[in-house]
>>> print(open('my_file.cif').read())   # mmCIF, C-alpha atoms and all ligand atoms
data_my_file
#
loop_
_atom_site.label_atom_id
_atom_site.label_comp_id
_atom_site.auth_asym_id
_atom_site.auth_seq_id
_atom_site.Cartn_x
_atom_site.Cartn_y
_atom_site.Cartn_z
CA MET A 1107 183.08 60.64 54.37
CA ALA A 1108 183.61 64.14 53.31
CA PRO A 1109 186.66 65.42 51.57
CA PRO A 1110 189.47 66.36 53.88
CA THR A 1111 188.68 70.02 53.67
CA THR A 1112 185.09 69.71 54.85
CA PRO A 1113 183.82 69.57 58.41
CA ALA A 1114 183.45 66.22 60.08
CA PRO A 1115 180.04 64.73 60.60
CA LYS A 1116 178.54 64.60 64.02
CA ALA A 1117 179.40 61.42 65.76
CA GLY A 1118 176.45 59.57 67.11
CA LYS A 1119 173.72 61.83 65.80
CA GLY A 1120 173.21 60.41 62.37
CA PHE A 1121 174.98 62.83 60.14
CA ALA A 1122 176.03 62.52 56.57
CA LEU A 1123 177.95 65.43 55.30
CA HIS A 1124 178.28 64.10 51.90
CA LYS A 1125 176.36 62.72 49.13
CA ASP A 1126 178.07 61.89 45.92
CA GLY A 1127 175.18 62.48 43.61
CA GLY A 1128 175.16 58.88 42.61
CA ARG A 1129 174.75 55.69 44.54
CA ARG A 1130 176.17 56.06 47.99
CA ARG A 1131 179.78 55.17 48.35
CA ARG A 1132 180.44 54.02 51.88
CA ARG A 1133 183.89 54.73 53.17
CA ARG A 1134 185.68 55.16 56.39
CA SER A 1135 185.80 58.77 57.37
CA ALA A 1136 189.06 60.56 56.95
CA PRO A 1137 190.54 62.80 59.59
CA LEU A 1138 190.12 66.40 58.66
CA LYS A 1139 192.86 68.68 57.60
CA ASN A 1140 192.94 72.34 58.38
CA GLY A 1141 191.76 72.15 61.93
CA GLY A 1142 188.35 70.64 61.33
CA ALA A 1143 187.16 68.25 63.98
CA GLY A 1144 188.27 64.73 63.34
CA GLY A 1145 186.24 61.71 64.23
CA ARG A 1146 184.26 59.16 62.48
CA ASN A 1147 180.96 59.44 60.80
CA ARG A 1148 178.48 57.03 62.28
CA LYS A 1149 177.28 56.50 58.74
CA ARG A 1150 180.79 56.15 57.47
CA GLY A 1151 180.45 59.22 55.40
CA LEU A 1152 180.84 60.12 51.91
CA VAL A 1153 182.38 62.55 49.51
CA ALA A 1154 181.04 65.99 48.71
CA ALA A 1155 179.10 65.96 45.50
CA PRO A 1156 180.92 67.64 42.64
CA VAL A 1157 179.55 71.11 42.28
CA GLY A 1158 177.90 71.67 38.96
CA GLY A 1159 178.61 68.06 38.16
CA ARG A 1160 176.06 65.33 38.07
CA ARG A 1161 172.53 66.46 38.42
CA GLU A 1162 169.82 65.07 40.58
CA ASN A 1163 167.72 62.24 39.32
CA GLY A 1164 165.33 59.90 41.03
CA ARG A 1165 168.19 58.01 42.61
CA GLY A 1166 170.17 61.06 43.44
CA GLY A 1167 172.71 60.15 40.75
CA ALA A 1168 173.35 58.65 37.39
CA GLY A 1169 175.91 55.87 37.87
CA PRO A 1170 174.13 52.58 37.23
CA GLY A 1171 171.54 54.22 35.01
CA MET A 1172 174.27 55.53 32.73
CA LYS A 1173 175.62 52.04 32.28
CA LEU A 1174 172.23 50.70 31.31
CA GLY A 1175 171.76 53.65 28.98
CA ARG A 1176 175.03 52.94 27.24
CA ALA A 1177 174.12 49.29 26.94
CA ALA A 1178 170.76 50.22 25.39
CA LEU A 1179 172.48 52.62 22.98
CA GLY A 1180 175.01 49.97 22.04
CA LEU A 1181 172.21 47.55 21.27
CA LEU A 1182 170.45 50.12 19.15
CA LEU A 1183 173.62 50.80 17.14
CA LEU A 1184 174.26 47.11 16.64
CA ALA A 1185 170.66 46.45 15.70
CA PRO A 1186 171.07 46.72 11.91
CA LEU A 1187 173.85 44.14 12.00
CA ALA A 1188 171.96 41.85 14.30
CA VAL A 1189 168.76 42.07 12.27
CA ARG A 1190 170.36 39.97 9.57
CA ALA A 1191 171.26 37.29 12.07
CA VAL A 1192 168.21 37.34 14.36
CA GLU A 1193 164.54 37.21 13.72
CA PRO A 1194 163.40 40.90 13.61
CA ILE A 1195 160.28 40.62 15.82
CA SER A 1196 162.17 38.97 18.67
CA LEU A 1197 164.91 41.56 18.37
CA GLY A 1198 162.38 44.37 18.48
CA LEU A 1199 160.79 42.89 21.61
CA ALA A 1200 164.17 42.51 23.26
CA LEU A 1201 165.10 46.10 22.48
CA ALA A 1202 161.75 47.36 23.78
CA GLY A 1203 162.36 45.37 26.98
CA VAL A 1204 165.78 46.94 27.48
CA LEU A 1205 164.44 50.43 26.87
CA THR A 1206 161.47 49.96 29.22
CA GLY A 1207 163.82 48.64 31.88
CA TYR A 1208 166.06 51.64 31.44
CA ILE A 1209 163.22 54.14 31.65
CA SER A 1210 161.69 52.56 34.74
CA TYR A 1211 165.06 51.83 36.34
CA PRO A 1212 165.11 54.80 38.71
CA ARG A 1213 161.74 53.85 40.11
CA LEU A 1214 162.76 50.23 40.37
CA TYR A 1215 165.98 51.19 42.06
CA CYS A 1216 164.14 53.40 44.52
CA LEU A 1217 161.94 50.52 45.59
CA PHE A 1218 164.95 48.93 47.19
CA ALA A 1219 167.25 51.78 48.11
CA GLU A 1220 166.95 55.25 49.56
CA CYS A 1221 166.41 57.93 46.96
CA CYS A 1222 166.31 61.67 46.94
CA SER A 1223 162.68 61.49 45.84
CA PRO A 1224 161.27 59.50 48.76
CA LYS A 1225 159.05 56.48 48.10
CA ARG A 1226 156.19 58.10 49.95
CA SER A 1227 155.47 61.79 50.06
CA LEU A 1228 155.16 63.47 53.42
CA SER A 1229 151.75 62.94 54.96
CA ARG A 1230 150.41 65.82 57.01
CA GLU A 1231 148.32 63.39 59.03
CA ALA A 1232 151.31 61.19 59.83
CA LEU A 1233 153.39 64.20 60.88
CA GLN A 1234 150.56 65.47 63.04
CA LYS A 1235 150.13 62.07 64.64
CA ASP A 1236 153.85 61.89 65.43
CA LEU A 1237 153.92 65.37 66.90
CA ASP A 1238 150.75 64.82 68.94
CA SER A 1239 151.85 61.51 70.36
CA LYS A 1240 155.56 62.15 70.90
CA LEU A 1241 156.15 65.82 71.62
CA PHE A 1242 154.93 66.99 75.04
CA GLY A 1243 154.12 70.48 76.21
CA GLN A 1244 154.99 72.26 72.96
CA HIS A 1245 151.69 73.40 71.46
CA LEU A 1246 153.32 76.34 69.62
CA ALA A 1247 156.13 74.31 68.09
CA LYS A 1248 153.71 71.58 67.04
CA LYS A 1249 151.43 73.95 65.21
CA VAL A 1250 154.14 75.95 63.45
CA ILE A 1251 156.12 72.91 62.41
CA LEU A 1252 153.12 70.99 61.15
CA ASN A 1253 151.90 73.87 59.00
CA ALA A 1254 155.32 75.04 57.84
CA VAL A 1255 156.72 71.65 56.90
CA SER A 1256 153.61 70.12 55.32
CA GLY A 1257 152.81 73.35 53.45
CA PHE A 1258 156.34 73.62 52.15
CA ILE A 1259 156.64 70.02 51.01
CA SER A 1260 153.30 70.11 49.22
CA ASN A 1261 154.27 73.25 47.31
CA PRO A 1262 155.75 72.11 43.97
CA LYS A 1263 157.49 75.46 43.39
CA PRO A 1264 158.56 77.09 46.63
CA LYS A 1265 160.15 80.50 46.14
CA LYS A 1266 162.83 79.93 48.72
CA PRO A 1267 164.04 77.13 50.96
CA LEU A 1268 162.23 76.57 54.23
CA THR A 1269 164.15 78.02 57.17
CA LEU A 1270 163.11 77.27 60.73
CA SER A 1271 164.87 78.59 63.79
CA LEU A 1272 164.01 76.58 66.91
CA HIS A 1273 164.68 78.27 70.25
CA GLY A 1274 164.34 77.13 73.82
CA TRP A 1275 165.74 75.79 77.03
CA THR A 1276 167.88 72.66 77.03
CA GLY A 1277 166.03 69.34 76.82
CA THR A 1278 162.77 70.79 75.57
CA GLY A 1279 162.67 68.87 72.29
CA LYS A 1280 164.46 70.88 69.59
CA ASN A 1281 166.66 68.03 68.38
CA PHE A 1282 163.81 65.64 68.95
CA VAL A 1283 161.54 67.61 66.62
CA SER A 1284 164.26 67.82 63.96
CA LYS A 1285 164.42 64.05 64.11
CA ILE A 1286 160.64 63.78 63.72
CA ILE A 1287 160.73 66.10 60.69
CA ALA A 1288 163.58 64.16 59.09
CA GLU A 1289 161.83 60.83 59.69
CA ASN A 1290 158.63 62.10 58.12
CA ILE A 1291 160.46 63.16 54.97
CA TYR A 1292 163.06 60.40 54.64
CA GLU A 1293 162.65 56.88 55.93
CA GLY A 1294 166.20 56.93 57.22
CA GLY A 1295 165.48 60.06 59.30
CA LEU A 1296 168.67 61.57 60.66
CA ASN A 1297 170.58 58.67 59.14
CA SER A 1298 169.40 59.50 55.65
CA ASP A 1299 172.05 60.54 53.18
CA TYR A 1300 169.93 63.58 52.42
CA VAL A 1301 169.85 64.85 55.98
CA HIS A 1302 172.92 66.70 57.28
CA LEU A 1303 173.53 67.63 60.89
CA PHE A 1304 176.13 70.23 61.77
CA VAL A 1305 177.12 70.81 65.38
CA ALA A 1306 178.88 74.09 65.99
CA THR A 1307 181.38 72.92 68.61
CA LEU A 1308 182.19 69.78 66.68
CA HIS A 1309 182.38 70.98 63.11
CA PHE A 1310 183.38 74.61 63.51
CA PRO A 1311 185.45 74.64 66.69
CA HIS A 1312 188.19 77.16 65.91
CA ILE A 1313 187.42 80.80 65.29
CA SER A 1314 190.74 81.19 63.49
CA ASN A 1315 189.42 78.87 60.76
CA ILE A 1316 186.27 80.82 60.09
CA THR A 1317 187.16 81.67 56.48
CA LEU A 1318 187.88 78.06 55.77
CA TYR A 1319 184.64 76.94 57.43
CA LYS A 1320 182.69 79.40 55.31
CA ASP A 1321 184.14 77.92 52.11
CA GLN A 1322 183.56 74.39 53.30
CA LEU A 1323 180.00 75.09 54.35
CA GLN A 1324 179.18 76.67 51.02
CA SER A 1325 180.66 73.90 48.91
CA TRP A 1326 179.10 71.28 51.15
CA ILE A 1327 175.63 72.69 50.77
CA ARG A 1328 176.07 73.43 47.08
CA GLY A 1329 177.34 69.92 46.39
CA ASN A 1330 174.62 68.18 48.33
CA VAL A 1331 171.75 70.29 47.02
CA SER A 1332 172.94 69.77 43.45
CA ALA A 1333 172.80 66.03 44.16
CA CYS A 1334 169.42 66.21 45.93
CA ALA A 1335 167.27 69.34 45.88
CA ARG A 1336 165.22 68.16 48.86
CA SER A 1337 168.20 68.11 51.22
CA ILE A 1338 167.75 68.91 54.90
CA PHE A 1339 170.45 70.79 56.83
CA ILE A 1340 170.26 70.99 60.61
CA PHE A 1341 172.55 73.36 62.52
CA ASP A 1342 172.71 72.47 66.20
CA GLU A 1343 174.20 74.74 68.88
CA MET A 1344 173.67 77.88 66.84
CA ASP A 1345 174.39 79.87 69.98
CA LYS A 1346 177.93 78.50 69.87
CA MET A 1347 178.44 79.27 66.19
CA HIS A 1348 181.00 81.99 65.50
CA ALA A 1349 179.28 85.23 64.57
CA GLY A 1350 179.24 85.71 60.82
CA LEU A 1351 179.79 82.07 59.86
CA ILE A 1352 176.15 81.40 59.14
CA ASP A 1353 176.00 84.41 56.82
CA ALA A 1354 178.10 82.38 54.38
CA ILE A 1355 174.99 80.46 53.42
CA LYS A 1356 172.79 83.52 53.01
CA PRO A 1357 172.65 83.35 49.19
CA TYR A 1358 171.26 79.83 49.42
CA LEU A 1359 168.41 80.92 51.67
CA ASP A 1360 167.35 83.82 49.50
CA TYR A 1361 164.74 84.09 46.74
CA TYR A 1362 166.93 82.98 43.81
CA ASP A 1363 165.62 80.62 41.15
CA ASN A 1364 169.09 79.21 40.85
CA LEU A 1365 172.67 80.08 41.66
CA ASP A 1366 175.33 78.78 39.27
CA GLY A 1367 172.87 76.26 37.95
CA VAL A 1368 171.73 74.97 41.36
CA SER A 1369 168.30 75.67 42.83
CA TYR A 1370 168.07 75.69 46.62
CA GLN A 1371 164.35 76.34 46.77
CA LYS A 1372 163.37 72.85 47.87
CA ALA A 1373 165.94 72.52 50.63
CA ILE A 1374 165.12 72.76 54.34
CA PHE A 1375 167.35 74.53 56.87
CA ILE A 1376 166.73 74.07 60.60
CA PHE A 1377 168.66 76.07 63.19
CA LEU A 1378 168.64 75.01 66.85
CA SER A 1379 169.56 77.35 69.63
CA ASN A 1380 169.21 78.12 73.34
CA ALA A 1381 169.26 81.84 72.52
CA GLY A 1382 166.05 83.50 73.59
CA ALA A 1383 165.27 80.78 76.16
CA GLU A 1384 165.10 83.39 78.97
CA ARG A 1385 162.57 85.40 77.03
CA ILE A 1386 160.44 82.31 76.41
CA THR A 1387 160.68 81.35 80.08
CA ASP A 1388 159.62 84.84 81.19
CA VAL A 1389 156.50 84.67 79.09
CA ALA A 1390 155.69 81.13 80.23
CA LEU A 1391 156.24 82.12 83.86
CA ASP A 1392 153.99 85.18 83.52
CA PHE A 1393 151.22 82.95 82.20
CA TRP A 1394 151.76 80.44 84.99
CA ARG A 1395 151.77 83.11 87.70
CA SER A 1396 148.60 84.67 86.40
CA GLY A 1397 146.91 81.29 86.50
CA LYS A 1398 146.58 80.97 82.74
CA GLN A 1399 147.07 77.73 80.83
CA ARG A 1400 150.35 77.53 78.89
CA GLU A 1401 148.28 76.52 75.85
CA GLU A 1402 146.95 80.08 75.85
CA ILE A 1403 150.39 81.40 74.91
CA LYS A 1404 150.32 82.57 71.30
CA LEU A 1405 153.13 82.64 68.77
CA LYS A 1406 152.84 86.40 68.53
CA ASP A 1407 153.67 86.64 72.24
CA MET A 1408 157.15 85.41 71.38
CA GLU A 1409 158.11 85.37 67.72
CA HIS A 1410 159.15 88.97 67.30
CA ALA A 1411 160.98 89.04 70.61
CA LEU A 1412 162.85 85.89 69.61
CA SER A 1413 164.07 87.29 66.32
CA VAL A 1414 165.19 90.51 68.00
CA SER A 1415 166.95 88.68 70.78
CA ALA A 1416 168.69 86.33 68.32
CA PHE A 1417 169.82 89.31 66.25
CA ASN A 1418 171.10 91.28 69.24
CA ASN A 1419 172.60 88.40 71.17
CA LYS A 1420 176.34 88.11 70.59
CA ASN A 1421 176.08 84.44 71.48
CA SER A 1422 173.23 83.46 69.23
CA GLY A 1423 175.10 82.59 66.05
CA PHE A 1424 172.73 85.08 64.41
CA TRP A 1425 174.40 88.15 65.90
CA HIS A 1426 173.72 90.94 63.44
CA SER A 1427 173.14 88.24 60.88
CA SER A 1428 171.88 89.12 57.45
CA LEU A 1429 169.63 86.07 57.64
CA ILE A 1430 167.50 87.92 60.18
CA ASP A 1431 168.10 91.36 58.74
CA ARG A 1432 166.88 90.22 55.34
CA ASN A 1433 163.96 88.24 56.78
CA LEU A 1434 165.30 84.96 55.48
CA ILE A 1435 164.21 82.99 58.53
CA ASP A 1436 160.64 81.89 57.90
CA TYR A 1437 159.70 80.90 61.45
CA PHE A 1438 161.14 81.50 64.89
CA VAL A 1439 159.77 78.56 66.84
CA PRO A 1440 159.65 78.80 70.64
CA PHE A 1441 160.05 75.70 72.80
CA LEU A 1442 158.52 76.23 76.21
CA PRO A 1443 160.28 75.05 79.36
CA LEU A 1444 158.91 71.70 80.52
CA GLU A 1445 156.95 71.20 83.73
CA TYR A 1446 156.81 68.31 86.19
CA LYS A 1447 153.88 66.68 84.37
CA HIS A 1448 155.82 66.70 81.06
CA LEU A 1449 158.80 65.01 82.68
CA LYS A 1450 156.48 62.29 83.87
CA MET A 1451 155.26 61.83 80.30
CA CYS A 1452 158.85 61.50 79.05
CA ILE A 1453 159.63 58.95 81.77
CA ARG A 1454 156.59 56.84 80.91
CA VAL A 1455 157.58 56.76 77.24
CA GLU A 1456 161.08 55.71 78.15
CA MET A 1457 159.83 52.93 80.44
CA GLN A 1458 157.61 51.60 77.69
CA SER A 1459 160.36 51.77 75.09
CA ARG A 1460 162.58 49.72 77.43
CA GLY A 1461 159.82 47.13 77.67
CA TYR A 1462 158.86 47.83 81.31
CA GLU A 1463 155.39 48.23 82.62
CA VAL A 1464 154.74 51.81 83.64
CA ASP A 1465 155.24 52.07 87.39
CA GLU A 1466 153.73 55.35 88.54
CA ASP A 1467 155.64 55.25 91.79
CA ILE A 1468 158.98 55.16 89.95
CA VAL A 1469 157.72 57.77 87.48
CA SER A 1470 157.06 60.22 90.34
CA ARG A 1471 160.31 59.46 92.12
CA VAL A 1472 162.41 60.04 89.01
CA ALA A 1473 160.54 63.26 88.19
CA GLU A 1474 161.01 64.51 91.76
CA GLU A 1475 164.75 64.00 91.54
CA MET A 1476 164.98 66.62 88.81
CA THR A 1477 165.71 70.24 89.64
CA PHE A 1478 163.21 72.95 88.92
CA PHE A 1479 163.25 76.73 88.69
CA PRO A 1480 162.53 79.41 89.89
CA LYS A 1481 163.80 78.03 93.18
CA GLU A 1482 160.79 78.97 95.28
CA GLU A 1483 158.06 78.00 92.87
CA ARG A 1484 159.74 75.00 91.19
CA VAL A 1485 157.76 75.31 87.98
CA PHE A 1486 160.10 74.35 85.14
CA SER A 1487 162.68 71.60 84.81
CA ASP A 1488 166.12 73.08 84.29
CA LYS A 1489 167.21 70.20 82.04
CA GLY A 1490 163.89 69.54 80.41
CA CYS A 1491 163.52 65.83 79.70
CA LYS A 1492 167.20 65.47 79.00
CA THR A 1493 168.47 63.55 82.00
CA VAL A 1494 165.37 61.70 83.10
CA PHE A 1495 166.49 58.66 81.13
CA THR A 1496 169.75 58.18 82.97
CA LYS A 1497 167.99 58.69 86.30
CA LEU A 1498 165.69 55.85 85.35
CA ASP A 1499 168.71 53.53 85.12
CA TYR A 1500 169.07 53.77 88.88
CA TYR A 1501 165.76 51.99 89.38
CA TYR A 1502 166.46 49.26 86.87
CA ASP A 1503 170.08 48.51 87.48
CA ASP A 1504 169.71 44.82 88.29
N1 LIG A 1601 158.91 68.20 74.59
C1 LIG A 1601 159.33 66.93 74.61
N2 LIG A 1601 158.46 65.92 74.40
C2 LIG A 1601 158.87 64.63 74.45
N3 LIG A 1601 160.14 64.26 74.66
C3 LIG A 1601 161.05 65.23 74.85
C4 LIG A 1601 160.70 66.61 74.81
N4 LIG A 1601 161.79 67.34 75.03
C5 LIG A 1601 162.79 66.47 75.17
N5 LIG A 1601 162.36 65.20 75.06
C6 LIG A 1601 163.17 63.98 75.20
O1 LIG A 1601 164.44 64.37 75.69
C7 LIG A 1601 165.47 64.06 74.75
C8 LIG A 1601 166.45 65.22 74.71
O2 LIG A 1601 165.80 66.36 74.13
P1 LIG A 1601 166.41 67.20 72.92
O3 LIG A 1601 167.74 66.65 72.54
O4 LIG A 1601 165.41 67.29 71.84
O5 LIG A 1601 166.60 68.58 73.64
P2 LIG A 1601 167.07 69.95 73.01
O6 LIG A 1601 165.96 70.92 73.19
O7 LIG A 1601 167.56 69.75 71.64
O8 LIG A 1601 168.24 70.32 74.03
P3 LIG A 1601 169.61 71.14 73.79
O9 LIG A 1601 169.25 72.58 73.66
O10 LIG A 1601 170.38 70.88 75.05
O11 LIG A 1601 170.26 70.56 72.57
C9 LIG A 1601 164.76 63.82 73.44
O12 LIG A 1601 165.44 62.90 72.64
C10 LIG A 1601 163.42 63.29 73.87
O13 LIG A 1601 163.49 61.92 74.12
#
>>> encode(input="my_file.cif", output="structure tokens")
Amino acid sequence: MAPPTTPAPKAGKGFALHKDGGRRRRRRSAPLKNGGAGGRNRKRGLVAAPVGGRRENGRGGAGPGMKLGRAALGLLLLAPLAVRAVEPISLGLALAGVLTGYISYPRLYCLFAECCSPKRSLSREALQKDLDSKLFGQHLAKKVILNAVSGFISNPKPKKPLTLSLHGWTGTGKNFVSKIIAENIYEGGLNSDYVHLFVATLHFPHISNITLYKDQLQSWIRGNVSACARSIFIFDEMDKMHAGLIDAIKPYLDYYDNLDGVSYQKAIFIFLSNAGAERITDVALDFWRSGKQREEIKLKDMEHALSVSAFNNKNSGFWHSSLIDRNLIDYFVPFLPLEYKHLKMCIRVEMQSRGYEVDEDIVSRVAEEMTFFPKEERVFSDKGCKTVFTKLDYYYDD
């Protein structure tokens, strides 16, 4: 896992805080010094890539390739001596074989192992299909994410990294969407070595360590982006992040071609937060009360209000943040509160994934057990789809 001075990875949510720039070295995670959260990386983490050290290649590193290269060079140097002993045409063919192998090695390697340059490029259609079939009740998020992510990935020279700030009530799909994005870019999804998940309360728990966290965060991101330009960083629980901490990464989100030899322009940063959820709910409730479809809600009804409320909310992690001040967040993405019918959709998916036939009677009973707000109207689920799965256990406990 990461060096002792870096934050610990999130247990159970597929988080690799390190990439070593070369082939992955799997190790047991070390407890953190300096007050970082301890714990073990589900992926049995790694070591922060040396800053300004090895540069990205197709494999995300140079280890085995270097060895082959040296072997090829050695053969070339020995060639004149060998020529006398071996038949020249065969020697030439052998050398050509070694060189071809060396040149195509990264591609060969990437056929069998995960690489920074994924085997397949992101397909807009596949992302759309995933969002349409898996994400319920979030027409705004779907549209923004589809356009933002596919447009960004298909741009060979983006001017800055993509920064998305996802806002909404608990259990409405913010983590779920991050997972979908990660899976559409890297086969390993959240478990990929190029996807990093930070959780505020886990990785940055103590306000007294904020200076240390800032240093760690910077070197972490710098190290991993220098190993793989297309790295994805997800910051969960932004609303619990100490004010000012996130500003440490501001330079990386800005319009710089490179900083100390590292370009951050292909990286993706996703921030998840409950900040602004009340504002989103107010708008959704207004639409509901006036008999309008929630699909009629437009991004412009929310986006500006979200950025302002994130900036002015002391508990948003973006409080007076230069990321907002300098317009470094590309999209504020609202997640609408989920209704009864969406809960039923979540329950059906869960039943199917457990191998049960969908039983509409159980679906309704589980959905009815959830609590809804406002109290009188009972329109929105107060936990989104988050606890429907455990409630389902009650009906299948034998
Ligand atoms: N809109 C949705 N469509 C389909 N499934 C959903 C949706 N929202 C939530 N779920 C289901 O509920 C689970 C929990 O949701 P998720 O972790 O994404 O919520 P969240 O918005 O990140 O909540 P929190 O703010 O508490 O972190 C997801 O893994 C997914 O299975």
>>> closest_residue(input="my_file.cif", among="A:Asp1353, A:Glu1445, A:Asp1388, A:Glu1482", to="ligand LIG 1601 (chain A)", atoms="all atoms listed in the file")
A:Glu1445
>>> residues_around(input="my_file.cif", residues="Glu1343 in chain A", least_positions_apart="5", cutoff="8 Å", atoms="all atoms listed in the file", output="list in words")
Val1305, Ala1306, Thr1307, Leu1378, Ser1379 and Asn1380 of chain A
>>> write_last_selection(input="my_file.cif", atoms="C-alpha atoms", output="tab-separated table (two decimals), in the frame of the given file")
chain	number	residue	atom	x	y	z
A	1305	VAL	CA	177.12	70.81	65.38
A	1306	ALA	CA	178.88	74.09	65.99
A	1307	THR	CA	181.38	72.92	68.61
A	1378	LEU	CA	168.64	75.01	66.85
A	1379	SER	CA	169.56	77.35	69.63
A	1380	ASN	CA	169.21	78.12	73.34
>>> closest_residue(input="my_file.cif", among="A:Asp1407, A:Glu1456, A:Asp1392, A:Glu1402", to="ligand LIG 1601 (chain A)", atoms="all atoms listed in the file")
A:Glu1456
>>> closest_residue(input="my_file.cif", among="A:Thr1278, A:Ser1223, A:Ser1314, A:Asn1364", to="ligand LIG 1601 (chain A)", atoms="only C-alpha atoms and all ligand atoms")
A:Thr1278
>>> residues_near_ligand(input="my_file.cif", ligand="ligand LIG 1601 (chain A)", cutoff="6 Å", atoms="all atoms listed in the file", output="list in words")
Lys1240, Leu1241, Phe1242, Gly1243, Gln1244, Trp1275, Thr1276, Gly1277, Thr1278, Gly1279, Lys1280, Asn1281, Phe1282, Asn1380, Cys1452, Cys1491 and Lys1492 of chain A
>>> atom_distance(input="my_file.cif", atom1="CA of Phe1441 in chain A", atom2="CA of Ile1386 in chain A")
7.5 Å
>>> closest_residue(input="my_file.cif", among="A:Ile1352, A:Val1331, A:Leu1246, A:Ala1202", to="Phe1310 in chain A", atoms="all atoms listed in the file")
A:Ile1352
>>> atom_distance(input="my_file.cif", atom1="CA of Met1408 in chain A", atom2="CA of Asp1360 in chain A")
24.2 Å
>>> residues_around(input="my_file.cif", residues="range 1248-1253 of chain A", least_positions_apart="3", cutoff="12 Å", atoms="only C-alpha atoms", output="MDAnalysis selection string")
chainID A and resid 1228:1245 1256:1261 1268:1272 1279:1280 1282:1284 1286:1288 1290 1376 1401 1404:1406 1409 1436:1442
>>> residues_around(input="my_file.cif", residues="Ala1373 in chain A", least_positions_apart="3", cutoff="9 Å", atoms="all atoms listed in the file", output="mmCIF file with C-alpha atoms, keeping the file's coordinate frame")
data_model
loop_
_atom_site.group_PDB
_atom_site.id
_atom_site.type_symbol
_atom_site.label_atom_id
_atom_site.label_comp_id
_atom_site.auth_asym_id
_atom_site.auth_seq_id
_atom_site.Cartn_x
_atom_site.Cartn_y
_atom_site.Cartn_z
ATOM 1 C CA LYS A 1266 162.830 79.930 48.720
ATOM 2 C CA PRO A 1267 164.040 77.130 50.960
ATOM 3 C CA LEU A 1268 162.230 76.570 54.230
ATOM 4 C CA THR A 1269 164.150 78.020 57.170
ATOM 5 C CA VAL A 1331 171.750 70.290 47.020
ATOM 6 C CA CYS A 1334 169.420 66.210 45.930
ATOM 7 C CA ALA A 1335 167.270 69.340 45.880
ATOM 8 C CA ARG A 1336 165.220 68.160 48.860
ATOM 9 C CA SER A 1337 168.200 68.110 51.220
ATOM 10 C CA ILE A 1338 167.750 68.910 54.900
ATOM 11 C CA PHE A 1339 170.450 70.790 56.830
ATOM 12 C CA LEU A 1359 168.410 80.920 51.670
ATOM 13 C CA SER A 1369 168.300 75.670 42.830
ATOM 14 C CA TYR A 1370 168.070 75.690 46.620
#
>>> atom_distance(input="my_file.cif", atom1="CA of Asn1297 in chain A", atom2="CA of Gln1324 in chain A")
21.5 Å
>>> axis_aligned_box(input="my_file.cif", around="range 1482-1486 of chain A", padding_each_side="6 Å", output="JSON")
{"center_x": 159.3, "center_y": 76.7, "center_z": 90.2, "size_x": 15.0, "size_y": 16.6, "size_z": 22.1}
>>> closest_residue(input="my_file.cif", among="A:Arg1460, A:Lys1346, A:His1302, A:His1410", to="Ile1435 in chain A", atoms="only C-alpha atoms")
A:His1410
